[in-house]
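First the structure, in the form of structure tokens, and then the observations on it.
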Amino acid sequence: MSLRNQFLQHVAQTSPAPIGLEMERAEGIYIYDTDGKEYLDMISGFSVANIGHSHPKVIKAVQEQAAKYMHLIVYGEYIQQPQVAYAKLLAELLPPSLNCIYFTNSGAEATEGALKLAKRVTNRSKIISFNKSYHGSTHGALSVMGNEYFRNAYRPLLPDVFHVDYNSEEIIAAIDSTTACVIMETVQAEAGIIKPNENWIKLVRKKCDDHCVLLILDEIQAGFGRTGSLWAFEKYGIIPDILLLGKALGGGMPIGAFVADKKLMDCFTNNPVLGHITTFGGHPVSCAAGKAGLEVLLEGKYIESIKEKEKLMLAIIQHTAIIAKRSCGLWMAIEFDSFKTNHAIIKKCIEKGLISDWFLFNDKSMRIAPPLIITTDELIKMCKLIVESIEEVTRKN
């Protein structure tokens, strides 16, 4: 039986038609299949590989930590240097009120922990989320996901969850003294790169303050330089009460985190004790890899060039078949007239050695989010191949 058939038979499938490329290795902005074909990873493993794949410093950190120790005991009991060092570095790069990090295994688990923390701190149950939002697929995260198609099959979900439109005034009236938290993506990802209006997001922050409501910002995709600043919330002049991190947090290894003030996080230590626990959360190898990856990002000064790269993408990717372009840093949605057109263009890109995909709640839009280390020449080549793909598909139609 071929590896492909074994994959289809023994690995749980998440869709009827996976991309199905058989990959052998990855390095920098490229991944390579078993035939040796090179693909430019235009989605960075869904914003995991912000510094590219298999960076030597990250590999070294993984190897050195694995040789010392891997899993020792349930999270939070032993003092483990990789966890402490990474938490300290993150706290130094965040506002003073975001000083305590709870490491999890994934972004979805970070969502779960943050929702529990908000309910515990406020002693309230009402949660406000947004339509077309995505925060993970576990039960609580699914409850705040902003799409009924995905929620409906798993009801009943968490009670007292209310969804409103992003950038709408509806939320201002919805926030009141019964609300535990507002959870939102600083920039909506799966809706197709939707940025908040600056005055609106500041008003949401103020209304939360007025009613002692916790504001949870999800930067699982938007964090670590993707939007052109280290943290997306920096662009809008606000600070969340709880910050969700994941994806690029691990430098390619699995990890997530939710971050808050220690005064809030201490609520997990009593009534009940062990208020939130995890066995593998903050795995020492993942923490070592993540810290190394963040150091690569900062030392390489890659974030400083993102604004110019964004302008370059917008300038080169031009075609009459494009309905709209939305970007925030090195992160773009290219919208076409239909899923059929978008899907055909994505397939054509893959033929030309470019990996892309559509957005979960906007299947008419193609996702562009290459590693932040991409050079100007590589970016130009990528953009030209995208335009070629659009032309070849739409010309046939």
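Chains: A, B, ... in order of the structure tokens. Residues: from 1 per chain. Ligands: from 1, in order shown.
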
Excluding stretch 349-355 of chain A and its own-chain neighbours fewer than 6 positions away, which residues fall within 8 Å of it when counting only C-alpha atoms? Please give them as a ChimeraX atom specification.
/A:37-43,382,385-386,389

Residue contacts of A:Ile201 (9 Å, only C-alpha atoms) excluding same-chain residues fewer than 2 positions away, as a PyMOL selection string
chain A and resi 167+186+196-199+203-206+236+238

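Relative to atom CA of A:Leu298, atom CA of A:Lys262 is found at 25.5 Å.
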
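Candidate residues A:Leu214, A:Ala289, A:Leu98, A:Ile19 were compared for distance to A:Gly250, and the nearest is A:Ala289, using only C-alpha atoms.
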
Set the distance at 12 Å and use only C-alpha atoms: which residues neighbour A:Phe150 once local chain neighbours fewer than 2 positions away are removed? I'd like the list as a PyMOL selection string.
chain A and resi 132-134+136-139+141-148+152-155+157+360-361

Picked from stretch 103-215 of chain A by DSSP as strand (DSSP E or B), as a tab-separated table (two decimals) with C-alpha atoms, in the first residue's frame:
```tsv
chain	number	residue	atom	x	y	z
A	103	PHE	CA	1.81	27.94	28.32
A	104	THR	CA	-0.52	25.43	26.68
A	126	LYS	CA	-21.82	36.12	29.59
A	127	ILE	CA	-19.30	35.99	26.73
A	128	ILE	CA	-19.40	38.20	23.65
A	129	SER	CA	-17.68	37.06	20.48
A	130	PHE	CA	-17.87	38.00	16.80
A	161	VAL	CA	-22.37	33.23	24.37
A	162	PHE	CA	-23.48	36.04	22.08
A	163	HIS	CA	-22.15	36.87	18.61
A	164	VAL	CA	-22.13	40.32	17.02
A	179	THR	CA	-20.48	40.32	30.81
A	180	ALA	CA	-17.42	38.28	31.75
A	181	CYS	CA	-15.40	38.96	28.63
A	182	VAL	CA	-15.26	40.07	25.05
A	183	ILE	CA	-13.12	37.76	22.92
A	184	MET	CA	-11.98	38.99	19.53
A	185	GLU	CA	-9.23	38.66	16.98
A	188	GLN	CA	-9.94	38.85	11.85
A	194	ILE	CA	-10.54	42.24	8.30
A	214	LEU	CA	-12.09	41.46	30.47
A	215	LEU	CA	-10.98	42.04	26.88
```

Neighbour list for A:Ile101 as a count of residues only, cut-off 8 Å, only C-alpha atoms, skip fewer than 5 positions in-chain:
6

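Comparing the minimum interatomic distances between A:Ala324 and each of A:Pro82, A:Gly237, A:Pro95, A:Gly192, counting only C-alpha atoms, we find that A:Gly192 sits nearest.
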
For A:Phe280, work out the shell of residues within 8 Å, counting only C-alpha atoms and skipping chain neighbours fewer than 2 positions away, then give it as a PyMOL selection string.
chain A and resi 71+74-75+104-105+278+282-283

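For the pair atom CA of A:Gly28 and atom CA of A:Tyr302, the interatomic distance is 13.6 Å.
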
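Taking atom CA of A:Tyr69 and atom CA of A:Pro56 as endpoints, the distance between them is 20.1 Å.
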
Check the DSSP output for the backbone and give back, as a PyMOL selection string, the residues of stretch 10-206 of chain A in alpha helix (DSSP H).
chain A and resi 10+44-47+56-68+81-92+107-122+139-144+148-151+170-174+198-206

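You can rank A:Gly246, A:Trp231, A:Leu72, A:Ile175 by their closest distance to A:His135 using only C-alpha atoms, and at the top of that list sits A:Gly246.
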
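Distance annotation: of A:Glu27, A:Asp210, A:Pro240, A:Ser229, the residue with the minimal separation from A:Asp176 is A:Asp210; atom set is only C-alpha atoms.
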
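With only C-alpha atoms as the basis for measurement, A:Leu217 is the residue among A:Ile59, A:Ala321, A:Leu217, A:Ile390 that approaches A:Phe233 most closely.
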
Residue nearest A:His319 among A:Val273, A:Val393, A:Ala344, A:Ala288 (counting only C-alpha atoms):
A:Val393

For stretch 113-119 of chain A: contacts at 8 Å, only C-alpha atoms, fewer than 6 positions along chain excluded, given as a compact mmCIF listing (two decimals) with N, CA and C atoms, in the first residue's frame:
```
# COMPACT_ATOMS: atom_id res chain seq x y z
N SER A 125 -20.88 34.91 33.55
CA SER A 125 -20.89 33.86 32.52
C SER A 125 -21.06 34.38 31.10
N GLY A 140 -15.09 24.77 23.98
CA GLY A 140 -15.29 26.17 24.34
C GLY A 140 -14.94 27.10 23.21
N ALA A 180 -18.73 38.72 31.25
CA ALA A 180 -17.42 38.28 31.75
C ALA A 180 -16.30 38.78 30.86
N CYS A 181 -16.49 38.60 29.54
CA CYS A 181 -15.40 38.96 28.63
C CYS A 181 -15.92 39.21 27.22
N LEU A 214 -13.42 41.78 30.98
CA LEU A 214 -12.09 41.46 30.47
C LEU A 214 -12.11 41.42 28.94
N ILE A 216 -10.31 39.98 25.80
CA ILE A 216 -9.38 38.94 25.33
C ILE A 216 -9.09 39.20 23.86
N ILE A 242 -6.28 39.93 28.51
CA ILE A 242 -5.73 38.60 28.25
C ILE A 242 -5.35 38.54 26.77
N LEU A 244 -4.02 36.02 23.64
CA LEU A 244 -3.87 34.64 23.18
C LEU A 244 -2.77 34.55 22.14
N PHE A 258 -1.77 31.78 26.97
CA PHE A 258 -2.57 32.96 27.25
C PHE A 258 -1.83 33.76 28.32
N LEU A 264 -4.47 38.40 38.05
CA LEU A 264 -5.58 37.63 37.47
C LEU A 264 -5.24 36.15 37.42
N MET A 265 -4.04 35.84 36.95
CA MET A 265 -3.66 34.44 36.78
C MET A 265 -3.63 33.68 38.11
N CYS A 267 -5.75 33.57 40.24
CA CYS A 267 -7.08 33.02 40.57
C CYS A 267 -7.16 31.52 40.32
N PHE A 268 -6.24 31.00 39.52
CA PHE A 268 -6.23 29.57 39.24
C PHE A 268 -5.61 28.74 40.37
N HIS A 276 -6.59 25.32 36.64
CA HIS A 276 -6.38 25.02 35.22
C HIS A 276 -5.05 24.27 35.13
```
